[in-house]
$ cat run_6.cif   # mmCIF, C-alpha atoms and all ligand atoms
data_structure
loop_
_atom_site.label_atom_id
_atom_site.label_comp_id
_atom_site.auth_asym_id
_atom_site.auth_seq_id
_atom_site.Cartn_x
_atom_site.Cartn_y
_atom_site.Cartn_z
CA MET A 256 -13.00 7.54 -2.25
CA ASN A 257 -14.01 11.18 -2.11
CA VAL A 258 -11.83 14.15 -2.99
CA HIS A 259 -13.64 17.44 -2.39
CA GLY A 260 -16.79 15.30 -2.16
CA LYS A 261 -16.28 13.65 -5.57
CA PRO A 262 -15.59 9.88 -5.97
CA THR A 263 -12.03 9.57 -7.30
CA ARG A 264 -9.60 6.74 -8.04
CA THR A 265 -5.82 7.13 -7.87
CA ILE A 266 -5.29 6.04 -11.49
CA TRP A 267 -7.44 5.80 -14.59
CA ALA A 268 -6.86 5.29 -18.31
CA VAL A 269 -7.95 7.86 -20.88
CA ASP A 270 -7.71 7.68 -24.67
CA ASP A 271 -4.22 9.17 -24.90
CA GLY A 272 -2.63 7.98 -21.68
CA VAL A 273 -3.03 7.23 -18.01
CA GLU A 274 -3.92 9.83 -15.40
CA ILE A 275 -2.61 9.68 -11.85
CA ILE A 276 -2.83 11.73 -8.70
CA ASP A 277 0.68 13.07 -8.07
CA GLN A 278 1.24 12.01 -4.46
CA THR A 279 4.44 14.04 -4.11
CA ALA A 280 2.27 17.20 -4.22
CA LEU A 281 -0.08 16.07 -1.42
CA PRO A 282 -1.28 17.24 1.05
CA HIS A 283 -0.53 20.78 -0.11
CA ALA A 284 -1.90 20.51 -3.67
CA PHE A 285 -4.13 18.10 -5.57
CA VAL A 286 -2.41 17.58 -8.92
CA VAL A 287 -3.44 15.14 -11.68
CA ARG A 288 -0.71 14.19 -14.18
CA LYS A 289 -0.87 12.31 -17.45
CA LEU A 290 1.53 9.46 -18.25
CA ARG A 291 1.98 9.14 -22.01
CA SER A 292 4.81 6.61 -22.29
CA VAL A 293 6.41 3.72 -20.43
CA GLU A 294 9.20 6.12 -19.50
CA ASP A 295 6.61 8.32 -17.78
CA ALA A 296 5.29 5.28 -15.88
CA VAL A 297 8.82 4.26 -14.81
CA ARG A 298 9.46 7.82 -13.60
CA ALA A 299 6.12 8.05 -11.75
CA ILE A 300 6.85 4.87 -9.78
CA GLY A 301 10.53 5.69 -9.22
CA THR A 302 9.87 9.20 -7.92
CA MET A 303 6.90 7.99 -5.87
CA GLN A 304 4.33 10.15 -7.62
CA VAL A 305 2.50 6.85 -7.28
CA ARG A 306 3.40 4.51 -4.43
CA GLY A 307 1.90 1.81 -2.23
CA ALA A 308 2.20 -1.81 -3.31
CA PRO A 309 -1.18 -2.26 -5.09
CA LEU A 310 -0.97 1.08 -6.89
CA ILE A 311 2.60 0.35 -8.00
CA GLY A 312 1.23 -2.86 -9.55
CA ALA A 313 -1.66 -1.11 -11.33
CA THR A 314 0.65 1.62 -12.65
CA ALA A 315 3.08 -0.97 -13.97
CA ALA A 316 0.23 -2.80 -15.73
CA TYR A 317 -0.88 0.40 -17.43
CA GLY A 318 2.80 1.12 -18.14
CA MET A 319 2.86 -2.05 -20.25
CA TRP A 320 -0.07 -0.68 -22.23
CA LEU A 321 1.77 2.59 -22.81
CA ALA A 322 4.83 0.58 -23.89
CA VAL A 323 3.09 -1.62 -26.45
CA ARG A 324 1.38 1.39 -27.99
CA ALA A 325 4.88 2.47 -29.03
CA ASP A 326 6.42 -0.97 -29.64
CA PRO A 327 4.24 -4.11 -29.51
CA SER A 328 7.07 -6.46 -30.56
CA ASN A 329 8.44 -9.17 -28.24
CA GLY A 330 11.51 -7.00 -27.70
CA GLY A 331 9.33 -4.03 -26.74
CA VAL A 332 7.35 -6.09 -24.23
CA THR A 333 10.52 -7.51 -22.65
CA ALA A 334 12.22 -4.12 -22.40
CA ALA A 335 9.16 -2.53 -20.77
CA HIS A 336 8.82 -5.45 -18.34
CA GLU A 337 12.47 -5.07 -17.30
CA ALA A 338 12.38 -1.27 -16.98
CA LEU A 339 9.22 -1.30 -14.86
CA LEU A 340 10.41 -4.20 -12.68
CA ALA A 341 13.60 -2.31 -11.82
CA THR A 342 11.73 0.69 -10.37
CA ARG A 343 11.13 -0.56 -6.82
CA PRO A 344 12.40 -3.86 -5.43
CA THR A 345 10.24 -4.71 -2.42
CA ALA A 346 6.53 -4.61 -3.32
CA VAL A 347 5.70 -7.97 -4.94
CA ASN A 348 2.56 -6.56 -6.60
CA LEU A 349 4.90 -5.02 -9.18
CA ARG A 350 6.21 -8.38 -10.40
CA TRP A 351 2.75 -9.94 -10.15
CA ALA A 352 1.13 -7.25 -12.32
CA LEU A 353 3.92 -7.29 -14.91
CA ASP A 354 3.89 -11.08 -15.17
CA THR A 355 0.09 -11.06 -15.47
CA VAL A 356 0.13 -8.61 -18.38
CA ALA A 357 3.14 -10.25 -20.07
CA ALA A 358 1.46 -13.68 -19.94
CA ARG A 359 -1.64 -12.17 -21.51
CA LEU A 360 0.39 -10.62 -24.36
CA ALA A 361 2.78 -13.48 -25.12
CA PRO A 362 0.44 -15.64 -27.29
CA LEU A 363 -0.96 -12.66 -29.21
CA PRO A 364 0.29 -11.19 -32.47
CA PRO A 365 1.73 -7.67 -32.00
CA ALA A 366 -1.32 -6.09 -33.67
CA ALA A 367 -3.62 -7.44 -30.95
CA ARG A 368 -1.44 -6.44 -28.03
CA VAL A 369 -2.43 -2.82 -27.51
CA ALA A 370 -6.09 -3.61 -26.87
CA ALA A 371 -5.18 -6.64 -24.74
CA ALA A 372 -2.74 -4.65 -22.57
CA ARG A 373 -5.30 -1.90 -22.00
CA ALA A 374 -7.91 -4.52 -21.02
CA ALA A 375 -5.42 -6.21 -18.67
CA GLY A 376 -4.61 -2.87 -17.00
CA ASP A 377 -8.31 -2.09 -16.54
CA GLU A 378 -8.93 -5.57 -15.11
CA ILE A 379 -6.05 -5.32 -12.64
CA ALA A 380 -7.33 -1.91 -11.51
CA ASP A 381 -10.92 -3.13 -11.15
CA GLU A 382 -9.83 -6.30 -9.33
CA ASP A 383 -7.82 -4.22 -6.90
CA VAL A 384 -10.91 -2.18 -6.07
CA ALA A 385 -13.02 -5.33 -5.58
CA MET A 386 -10.39 -7.04 -3.40
CA ASN A 387 -10.01 -3.98 -1.20
CA ARG A 388 -13.76 -3.61 -0.83
CA ALA A 389 -13.91 -7.22 0.38
CA ILE A 390 -10.98 -6.65 2.76
CA GLY A 391 -12.93 -3.68 4.12
CA GLN A 392 -15.94 -5.86 4.92
CA HIS A 393 -13.84 -8.55 6.65
CA THR A 394 -12.03 -5.86 8.64
CA LEU A 395 -15.34 -4.26 9.57
CA ALA A 396 -16.38 -7.54 11.22
CA LEU A 397 -13.16 -7.48 13.29
CA PHE A 398 -13.79 -3.85 14.20
CA ARG A 399 -17.38 -4.56 15.24
CA ALA A 400 -16.21 -7.36 17.56
CA ALA A 401 -13.54 -5.09 19.09
CA ALA A 402 -15.98 -2.18 19.39
CA ALA A 403 -18.44 -4.36 21.30
CA ARG A 404 -15.85 -4.44 24.10
CA ARG A 405 -15.50 -0.62 24.06
CA THR A 406 -18.98 0.13 25.43
CA GLY A 407 -19.88 3.16 23.37
CA GLN A 408 -16.43 4.76 22.99
CA PRO A 409 -14.95 5.18 19.50
CA LEU A 410 -12.71 2.30 18.51
CA GLN A 411 -9.08 3.42 18.71
CA ILE A 412 -7.09 2.15 15.72
CA LEU A 413 -3.39 2.70 15.03
CA THR A 414 -1.92 2.53 11.53
CA HIS A 415 1.51 3.03 10.01
CA CYS A 416 2.53 4.59 6.69
CA ASN A 417 -0.23 4.88 4.10
CA ALA A 418 -2.23 1.79 3.30
CA GLY A 419 -5.29 3.80 2.44
CA TRP A 420 -6.93 4.42 -0.92
CA LEU A 421 -3.93 6.42 -2.12
CA ALA A 422 -1.79 3.27 -1.85
CA THR A 423 -4.24 1.32 -4.02
CA VAL A 424 -6.60 2.03 -6.90
CA ASP A 425 -9.39 2.68 -4.39
CA HIS A 426 -10.54 1.93 -0.82
CA GLY A 427 -7.09 1.02 0.53
CA THR A 428 -6.11 -2.14 2.34
CA ALA A 429 -5.56 -1.34 6.03
CA LEU A 430 -7.90 1.65 5.81
CA ALA A 431 -10.63 -0.10 3.81
CA GLY A 432 -12.17 -1.31 7.07
CA VAL A 433 -11.87 2.15 8.60
CA TYR A 434 -13.89 3.64 5.75
CA ALA A 435 -16.38 0.78 5.88
CA ALA A 436 -16.82 1.31 9.62
CA HIS A 437 -17.17 5.07 9.34
CA ASP A 438 -19.71 4.71 6.52
CA ALA A 439 -21.65 2.12 8.55
CA GLY A 440 -21.88 4.48 11.52
CA LEU A 441 -19.37 2.65 13.74
CA ALA A 442 -17.40 5.29 15.64
CA VAL A 443 -13.67 5.01 14.95
CA HIS A 444 -10.66 7.20 15.61
CA VAL A 445 -7.31 6.56 13.88
CA TRP A 446 -3.87 7.23 15.36
CA VAL A 447 -1.76 8.05 12.30
CA ASP A 448 2.00 7.36 12.57
CA GLU A 449 3.75 10.19 10.71
CA THR A 450 6.10 7.56 9.16
CA ARG A 451 9.47 9.16 8.73
CA PRO A 452 11.37 9.64 6.59
CA ARG A 453 8.84 10.42 3.83
CA ASN A 454 5.92 11.03 6.18
CA GLN A 455 3.35 9.09 4.19
CA GLY A 456 1.21 8.98 7.36
CA ALA A 457 1.25 12.69 8.15
CA ALA A 458 0.96 13.75 4.51
CA LEU A 459 -1.20 11.08 2.86
CA THR A 460 -3.10 9.03 5.45
CA ALA A 461 -4.10 12.14 7.39
CA TRP A 462 -5.15 13.88 4.16
CA GLU A 463 -7.32 11.06 2.89
CA LEU A 464 -8.96 10.41 6.27
CA GLY A 465 -9.69 14.13 6.49
CA GLN A 466 -11.22 14.16 2.99
CA HIS A 467 -13.56 11.37 4.05
CA GLY A 468 -14.37 12.93 7.43
CA VAL A 469 -12.82 10.16 9.57
CA PRO A 470 -11.63 11.37 13.02
CA HIS A 471 -7.86 10.95 13.30
CA THR A 472 -4.77 12.28 15.06
CA VAL A 473 -1.22 12.40 13.67
CA ILE A 474 1.47 11.19 16.08
CA VAL A 475 5.23 10.88 15.83
CA ASP A 476 6.41 7.37 15.11
CA ASN A 477 7.74 6.97 18.64
CA ALA A 478 4.40 7.71 20.34
CA GLY A 479 2.65 4.43 19.51
CA GLY A 480 4.19 2.36 22.31
CA HIS A 481 3.26 4.96 24.91
CA LEU A 482 -0.33 5.17 23.68
CA MET A 483 -0.60 1.39 23.76
CA GLN A 484 0.70 1.26 27.36
CA ARG A 485 -1.91 3.82 28.39
CA GLY A 486 -4.78 1.79 26.93
CA ARG A 487 -5.43 4.29 24.14
CA VAL A 488 -5.11 1.83 21.24
CA ASP A 489 -7.61 -1.03 20.75
CA LEU A 490 -5.96 -2.53 17.70
CA ALA A 491 -3.35 -1.86 15.06
CA ILE A 492 -3.76 -2.54 11.35
CA VAL A 493 -1.18 -1.99 8.61
CA GLY A 494 -0.71 -2.87 4.95
CA THR A 495 2.05 -4.93 3.40
CA ASP A 496 4.41 -4.70 0.44
CA ARG A 497 5.08 -8.40 0.50
CA THR A 498 3.91 -11.16 2.82
CA THR A 499 5.50 -14.58 2.60
CA ALA A 500 3.56 -17.83 2.21
CA SER A 501 4.18 -18.46 5.91
CA GLY A 502 2.92 -15.07 7.08
CA ASP A 503 6.03 -12.93 7.62
CA VAL A 504 5.13 -9.36 6.74
CA VAL A 505 7.33 -6.89 4.92
CA ASN A 506 6.01 -3.36 5.29
CA LYS A 507 7.19 0.22 5.73
CA ILE A 508 10.14 0.64 8.07
CA GLY A 509 8.92 0.90 11.66
CA THR A 510 6.09 -1.61 11.31
CA TYR A 511 8.09 -4.23 13.25
CA LEU A 512 8.50 -1.91 16.26
CA LYS A 513 4.74 -1.30 16.35
CA ALA A 514 4.10 -5.04 16.27
CA LEU A 515 6.52 -5.56 19.16
CA ALA A 516 4.83 -2.84 21.21
CA ALA A 517 1.41 -4.29 20.38
CA ARG A 518 2.48 -7.76 21.53
CA ASP A 519 3.92 -6.38 24.79
CA ASN A 520 0.58 -4.70 25.46
CA ALA A 521 -1.66 -7.58 24.30
CA ILE A 522 -3.10 -5.44 21.50
CA PRO A 523 -4.24 -7.24 18.30
CA PHE A 524 -1.98 -6.49 15.34
CA TYR A 525 -3.61 -7.10 11.94
CA VAL A 526 -2.19 -6.93 8.43
CA ALA A 527 -4.40 -6.23 5.42
CA ALA A 528 -3.06 -8.12 2.41
CA PRO A 529 -4.78 -8.53 -0.95
CA SER A 530 -3.58 -11.79 -2.51
CA PRO A 531 -1.27 -10.09 -5.07
CA SER A 532 0.77 -8.87 -2.06
CA ILE A 533 1.45 -12.46 -1.00
CA ASP A 534 4.67 -13.98 -2.36
CA TRP A 535 3.79 -17.67 -2.53
CA SER A 536 7.31 -18.50 -3.69
CA ILE A 537 8.82 -17.64 -0.31
CA THR A 538 8.07 -20.38 2.17
CA GLY A 539 11.20 -19.99 4.29
CA ALA A 540 12.93 -17.02 5.87
CA ALA A 541 11.85 -13.58 4.69
CA ASP A 542 15.44 -12.33 4.63
CA VAL A 543 15.63 -13.23 0.93
CA ILE A 544 13.27 -10.32 0.19
CA PRO A 545 15.15 -7.28 -1.12
CA ILE A 546 14.72 -4.28 1.17
CA GLU A 547 14.85 -1.03 -0.72
CA GLU A 548 17.68 1.23 0.46
CA ARG A 549 16.60 4.77 -0.33
CA ASP A 550 18.38 8.07 -0.76
CA GLY A 551 19.84 9.39 2.50
CA GLU A 552 18.52 12.86 1.69
CA GLU A 553 15.10 11.60 2.81
CA VAL A 554 16.52 11.13 6.33
CA ALA A 555 18.82 14.16 6.43
CA THR A 556 16.06 16.53 5.29
CA VAL A 557 12.33 17.05 5.65
CA VAL A 558 9.99 18.17 2.88
CA GLY A 559 6.96 20.36 3.55
CA ALA A 560 5.35 23.68 2.75
CA THR A 561 5.94 27.11 4.21
CA ALA A 562 3.10 29.20 5.68
CA SER A 563 2.62 30.78 2.25
CA GLY A 564 2.21 27.35 0.66
CA GLU A 565 5.62 27.23 -1.04
CA GLY A 566 7.21 23.77 -1.16
CA ALA A 567 10.38 23.59 0.93
CA ARG A 568 13.05 21.08 1.91
CA VAL A 569 14.92 21.77 5.14
CA ARG A 570 17.95 19.97 6.61
CA VAL A 571 17.51 18.32 10.02
CA ALA A 572 20.60 16.08 10.30
CA ALA A 573 24.02 17.43 11.24
CA PRO A 574 25.74 18.34 7.98
CA GLY A 575 28.19 15.65 6.96
CA SER A 576 26.81 12.89 9.23
CA PRO A 577 26.32 9.61 7.37
CA VAL A 578 22.71 8.41 7.18
CA ALA A 579 21.09 5.06 6.38
CA ASN A 580 17.62 4.69 4.92
CA PRO A 581 16.19 1.15 4.72
CA GLY A 582 12.63 1.52 3.40
CA PHE A 583 11.00 -1.60 4.82
CA ASP A 584 11.29 -4.14 7.64
CA VAL A 585 10.06 -7.65 8.37
CA THR A 586 7.47 -8.32 11.06
CA PRO A 587 7.69 -12.02 11.95
CA ALA A 588 4.44 -13.96 11.60
CA ARG A 589 4.42 -14.75 15.33
CA LEU A 590 3.65 -11.06 16.06
CA VAL A 591 0.72 -10.91 13.62
CA THR A 592 -2.77 -11.63 15.00
CA GLY A 593 -4.32 -12.17 11.59
CA ILE A 594 -3.97 -11.41 7.89
CA VAL A 595 -7.06 -9.87 6.33
CA THR A 596 -7.36 -10.95 2.71
CA GLU A 597 -10.16 -10.61 0.19
CA ARG A 598 -11.24 -14.15 1.10
CA GLY A 599 -11.35 -13.60 4.85
CA VAL A 600 -9.03 -13.45 7.85
CA ALA A 601 -6.18 -15.98 7.92
CA LEU A 602 -3.90 -16.97 10.74
CA ALA A 603 -0.40 -15.72 9.91
CA THR A 604 0.86 -19.21 9.22
CA ARG A 605 1.49 -21.34 6.18
CA GLU A 606 -1.56 -23.43 7.02
CA GLY A 607 -3.75 -20.39 7.67
CA LEU A 608 -2.98 -18.79 4.32
CA ALA A 609 -3.16 -22.13 2.49
CA GLN A 610 -6.64 -22.72 3.87
CA LEU A 611 -7.90 -19.53 2.17
CA PHE A 612 -5.84 -19.94 -1.01
CA PRO A 613 -5.43 -23.72 -1.54
CA GLU A 614 -4.81 -23.27 -5.27
CA ARG A 615 -1.69 -21.16 -4.59
CA VAL A 616 0.16 -23.77 -2.56
CA PRO A 617 2.49 -26.01 -4.59
CA PRO A 618 1.40 -29.68 -4.23
CA THR A 619 4.80 -30.69 -2.81
CA GLY A 620 4.62 -28.03 -0.13
CA ARG A 621 1.41 -29.21 1.53
O1 LIG B 701 7.27 3.34 0.12
P1 LIG B 701 5.78 3.28 -0.06
O2 LIG B 701 5.09 4.57 0.28
O3 LIG B 701 5.38 2.74 -1.41
O4 LIG B 701 5.36 2.22 1.03
C1 LIG B 701 4.01 1.93 1.25
C2 LIG B 701 3.80 0.99 2.34
O5 LIG B 701 4.69 0.53 3.00
C3 LIG B 701 2.42 0.52 2.53
O6 LIG B 701 2.16 0.27 3.87
C4 LIG B 701 2.27 -0.76 1.73
O7 LIG B 701 2.58 -0.54 0.37
C5 LIG B 701 0.96 -1.34 1.83
S1 LIG B 701 -0.08 -0.47 0.76
C6 LIG B 701 -1.61 -0.91 0.74
#

$ encode --input "run_6.cif" --output "structure tokens" --more "lines below"
Ligand code: MRU
Amino acid sequence: MNVHGKPTRTIWAVDDGVEIIDQTALPHAFVVRKLRSVEDAVRAIGTMQVRGAPLIGATAAYGMWLAVRADPSNGGVTAAHEALLATRPTAVNLRWALDTVAARLAPLPPAARVAAARAAGDEIADEDVAMNRAIGQHTLALFRAAAARRTGQPLQILTHCNAGWLATVDHGTALAGVYAAHDAGLAVHVWVDETRPRNQGAALTAWELGQHGVPHTVIVDNAGGHLMQRGRVDLAIVGTDRTTASGDVVNKIGTYLKALAARDNAIPFYVAAPSPSIDWSITGAADVIPIEERDGEEVATVVGATASGEGARVRVAAPGSPVANPGFDVTPARLVTGIVTERGVALATREGLAQLFPERVPPTGR
């Protein structure tokens, strides 16, 4: 998508490393950093310089390339796989990308691994872009149908966290359809949940929509239910860090509450999920999925910039009060209207997903 009018991805390989947009500097500064080692990749994911399930996966894949440049032995591959896997526990794209690269390297002699890892990283990045572009087109069809009922008014879309191009290599998942609609001349307006505690909505979603010229309004997380009651939201669409084979959706904390409010107000609630975000191994309850528990400082304080542009962290919680900071929640499949994948829109059921991805369902489970 465009930054200052120039097409830009969130991650790209160069001869001597991997360049990323440092998302901890946004929206106040646009900073590109170079990762030169697997340690740099581990740090970039862990500190959330890169974040969002698909981008975490792509960064991990390139991290394997950086690792084998230094040590292409079996031991080097295993150590890199373990270090990268330990960075963030919830997004399943991380494991998927690491397993994909590791499987590609395993049969090769060490001397052939550097080129193969680089090619695997490039492929994973390019596939992510293609999947998201397809998700955008399927979502656009949903938006067109919803807009036909709006009689000329912009379609009012609510989203949570950042599932835009910054969360992926390009296009985004939940926002891919927003960009496709805007580019096709379909009038849309996006309600952007700020998404405490890290404010990925206010800082990242609002920034990227603004860069692309998409009308949007930032709201506090608690405003969504009210706007839905007043008829000011036509549909909600969010991304996912991990969706089970039966359609339960793990996404940024607060997603579940939006799905409940949407159901109470008969508003469609869609989830955009590229297939690497689907955990086909989980066919039962989603409570086996690890939910990242993050540093309480994210809740007790807020990070921003002063009027002069200086970065600042200020305390909002009463000093000494204990805080809890679960990063994700589970939205049960029954609250999800549909899951938009690169192959089309599935019902949020085992059968619905299996219909689009028959090759992913174990024979015994059908
Ligand atoms: O903690 P984050 O910022 O990595 O969480 C991101 C989200 O929850 C996104 O909604 C999710 O990764 C889907 S991204 C396309």

$ closest_residue --input "run_6.cif" --among "A:Arg598, A:His259, A:Arg306, A:Arg399" --to "ligand LIG 701 (chain B)" --atoms "all atoms listed in the file"
A:Arg306

$ closest_atom_pairs --input "run_6.cif" --of "chain A" --to "ligand LIG 701 (chain B)" --cutoff "8 Å" --atoms "all atoms listed in the file" --output "JSON lines"
{"residue": "A:Met303", "atom": "CA", "partner": "B:LIG701", "partner_atom": "O3", "distance": 7.1}
{"residue": "A:Val305", "atom": "CA", "partner": "B:LIG701", "partner_atom": "O3", "distance": 7.7}
{"residue": "A:Arg306", "atom": "CA", "partner": "B:LIG701", "partner_atom": "O3", "distance": 4.0}
{"residue": "A:Gly307", "atom": "CA", "partner": "B:LIG701", "partner_atom": "O7", "distance": 3.6}
{"residue": "A:Ala308", "atom": "CA", "partner": "B:LIG701", "partner_atom": "O7", "distance": 3.9}
{"residue": "A:Pro309", "atom": "CA", "partner": "B:LIG701", "partner_atom": "C6", "distance": 6.0}
{"residue": "A:Leu310", "atom": "CA", "partner": "B:LIG701", "partner_atom": "S1", "distance": 7.9}
{"residue": "A:Ile311", "atom": "CA", "partner": "B:LIG701", "partner_atom": "O3", "distance": 7.5}
{"residue": "A:Ala346", "atom": "CA", "partner": "B:LIG701", "partner_atom": "O7", "distance": 6.8}
{"residue": "A:His415", "atom": "CA", "partner": "B:LIG701", "partner_atom": "O6", "distance": 6.8}
{"residue": "A:Cys416", "atom": "CA", "partner": "B:LIG701", "partner_atom": "O6", "distance": 5.2}
{"residue": "A:Asn417", "atom": "CA", "partner": "B:LIG701", "partner_atom": "O6", "distance": 5.2}
{"residue": "A:Ala418", "atom": "CA", "partner": "B:LIG701", "partner_atom": "C6", "distance": 3.8}
{"residue": "A:Gly419", "atom": "CA", "partner": "B:LIG701", "partner_atom": "C6", "distance": 6.2}
{"residue": "A:Trp420", "atom": "CA", "partner": "B:LIG701", "partner_atom": "C6", "distance": 7.7}
{"residue": "A:Ala422", "atom": "CA", "partner": "B:LIG701", "partner_atom": "S1", "distance": 4.9}
{"residue": "A:Thr423", "atom": "CA", "partner": "B:LIG701", "partner_atom": "C6", "distance": 5.9}
{"residue": "A:Gly427", "atom": "CA", "partner": "B:LIG701", "partner_atom": "C6", "distance": 5.8}
{"residue": "A:Thr428", "atom": "CA", "partner": "B:LIG701", "partner_atom": "C6", "distance": 4.9}
{"residue": "A:Ala429", "atom": "CA", "partner": "B:LIG701", "partner_atom": "C6", "distance": 6.6}
{"residue": "A:Arg453", "atom": "CA", "partner": "B:LIG701", "partner_atom": "O2", "distance": 7.8}
{"residue": "A:Gln455", "atom": "CA", "partner": "B:LIG701", "partner_atom": "O2", "distance": 6.2}
{"residue": "A:Val493", "atom": "CA", "partner": "B:LIG701", "partner_atom": "O6", "distance": 6.2}
{"residue": "A:Gly494", "atom": "CA", "partner": "B:LIG701", "partner_atom": "C5", "distance": 3.9}
{"residue": "A:Thr495", "atom": "CA", "partner": "B:LIG701", "partner_atom": "C5", "distance": 4.1}
{"residue": "A:Asp496", "atom": "CA", "partner": "B:LIG701", "partner_atom": "O7", "distance": 4.5}
{"residue": "A:Asn506", "atom": "CA", "partner": "B:LIG701", "partner_atom": "O5", "distance": 4.7}
{"residue": "A:Lys507", "atom": "CA", "partner": "B:LIG701", "partner_atom": "O5", "distance": 3.7}
{"residue": "A:Ile508", "atom": "CA", "partner": "B:LIG701", "partner_atom": "O5", "distance": 7.4}
{"residue": "A:Ala527", "atom": "CA", "partner": "B:LIG701", "partner_atom": "C6", "distance": 7.6}
{"residue": "A:Ala528", "atom": "CA", "partner": "B:LIG701", "partner_atom": "C6", "distance": 7.5}
{"residue": "A:Gly582", "atom": "CA", "partner": "B:LIG701", "partner_atom": "O1", "distance": 6.5}
{"residue": "A:Phe583", "atom": "CA", "partner": "B:LIG701", "partner_atom": "O5", "distance": 6.9}

$ closest_residue --input "run_6.cif" --among "A:Gly318, A:Pro365, A:Gly551, A:Gly407" --to "Val578 of chain A" --atoms "all atoms listed in the file"
A:Gly551

$ residues_around --input "run_6.cif" --residues "Gly432 of chain A" --least-positions-apart "2" --cutoff "9 Å" --atoms "only C-alpha atoms" --output "ChimeraX atom specification"
/A:387-388,390-398,426-430,434-437

$ closest_residue --input "run_6.cif" --among "A:Thr342, A:Thr510, A:Gln408, A:Asn520" --to "Arg549 of chain A" --atoms "all atoms listed in the file"
A:Thr342

$ atom_distance --input "run_6.cif" --atom1 "atom CA of Asp381 of chain A" --atom2 "atom CA of Thr355 of chain A"
14.2 Å

$ atom_distance --input "run_6.cif" --atom1 "atom CA of Gly564 of chain A" --atom2 "atom CA of Gly301 of chain A"
25.2 Å

$ closest_residue --input "run_6.cif" --among "A:Met256, A:Ala442, A:Ile379, A:Ala322" --to "Thr406 of chain A" --atoms "all atoms listed in the file"
A:Ala442

$ residues_near_point --input "run_6.cif" --point "(-2.2, 28.1, -0.9)" --cutoff "9 Å" --atoms "all atoms listed in the file" --output "list in words"
His283, Ala284, Ala562, Ser563, Gly564 and Glu565 of chain A

$ write_last_selection --input "run_6.cif" --atoms "C-alpha atoms" --output "CSV table (one decimal), in the coordinates of the input"
chain,number,residue,atom,x,y,z
A,283,HIS,CA,-0.5,20.8,-0.1
A,284,ALA,CA,-1.9,20.5,-3.7
A,562,ALA,CA,3.1,29.2,5.7
A,563,SER,CA,2.6,30.8,2.2
A,564,GLY,CA,2.2,27.4,0.7
A,565,GLU,CA,5.6,27.2,-1.0

$ atom_distance --input "run_6.cif" --atom1 "atom CA of Glu382 of chain A" --atom2 "atom CA of Ala316 of chain A"
12.4 Å

$ residues_around --input "run_6.cif" --residues "segment 272-280 of chain A" --least-positions-apart "2" --cutoff "8 Å" --atoms "all atoms listed in the file" --output "list of chain:residue names"
A:Thr265, A:Ile266, A:Trp267, A:Ala268, A:Val269, A:Asp270, A:Pro282, A:His283, A:Ala284, A:Phe285, A:Val286, A:Val287, A:Arg288, A:Lys289, A:Leu290, A:Arg291, A:Ser292, A:Met303, A:Gln304, A:Val305, A:Arg306, A:Tyr317, A:Leu321, A:Leu421, A:Leu459

$ residues_around --input "run_6.cif" --residues "segment 469-481 of chain A" --least-positions-apart "5" --cutoff "10 Å" --atoms "all atoms listed in the file" --output "ChimeraX atom specification"
/A:409,411-416,433-434,436-438,442-451,454,456-458,460-464,486-488,491,509-510,512-517,519-520

$ closest_residue --input "run_6.cif" --among "A:Arg373, A:Lys261, A:Arg589, A:Arg518" --to "Thr314 of chain A" --atoms "only C-alpha atoms"
A:Arg373

$ residues_around --input "run_6.cif" --residues "Ser530 of chain A" --least-positions-apart "4" --cutoff "12 Å" --atoms "all atoms listed in the file" --output "ChimeraX atom specification"
/A:308-309,347-348,351-352,382-383,385-387,389-390,428,494-500,534-535,594-601,608-609,611-612,614-615

$ decode --input "run_6.cif" --residues "segment 417-425 of chain A" --atoms "N, CA and C atoms" --output "mmCIF file, in the first residue's frame"
data_model
loop_
_atom_site.group_PDB
_atom_site.id
_atom_site.type_symbol
_atom_site.label_atom_id
_atom_site.label_comp_id
_atom_site.auth_asym_id
_atom_site.auth_seq_id
_atom_site.Cartn_x
_atom_site.Cartn_y
_atom_site.Cartn_z
ATOM 1 N N ASN A 417 -5.374 -3.840 14.539
ATOM 2 C CA ASN A 417 -4.872 -3.552 13.192
ATOM 3 C C ASN A 417 -4.740 -4.843 12.424
ATOM 4 N N ALA A 418 -5.649 -5.025 11.477
ATOM 5 C CA ALA A 418 -5.559 -6.142 10.543
ATOM 6 C C ALA A 418 -5.477 -5.564 9.142
ATOM 7 N N GLY A 419 -4.734 -4.489 9.047
ATOM 8 C CA GLY A 419 -4.506 -3.819 7.777
ATOM 9 C C GLY A 419 -3.172 -4.248 7.191
ATOM 10 N N TRP A 420 -2.649 -3.456 6.245
ATOM 11 C CA TRP A 420 -1.434 -3.927 5.556
ATOM 12 C C TRP A 420 -0.248 -3.984 6.494
ATOM 13 N N LEU A 421 -0.278 -3.177 7.559
ATOM 14 C CA LEU A 421 0.844 -3.226 8.506
ATOM 15 C C LEU A 421 0.906 -4.554 9.253
ATOM 16 N N ALA A 422 -0.202 -5.267 9.345
ATOM 17 C CA ALA A 422 -0.222 -6.551 10.055
ATOM 18 C C ALA A 422 0.171 -7.707 9.141
ATOM 19 N N THR A 423 0.401 -7.382 7.869
ATOM 20 C CA THR A 423 0.695 -8.418 6.866
ATOM 21 C C THR A 423 1.914 -7.951 6.063
ATOM 22 N N VAL A 424 2.185 -8.615 4.956
ATOM 23 C CA VAL A 424 3.250 -8.108 4.075
ATOM 24 C C VAL A 424 2.689 -6.958 3.225
ATOM 25 N N ASP A 425 1.438 -7.121 2.800
ATOM 26 C CA ASP A 425 0.757 -6.022 2.098
ATOM 27 C C ASP A 425 -0.751 -6.296 2.074
#
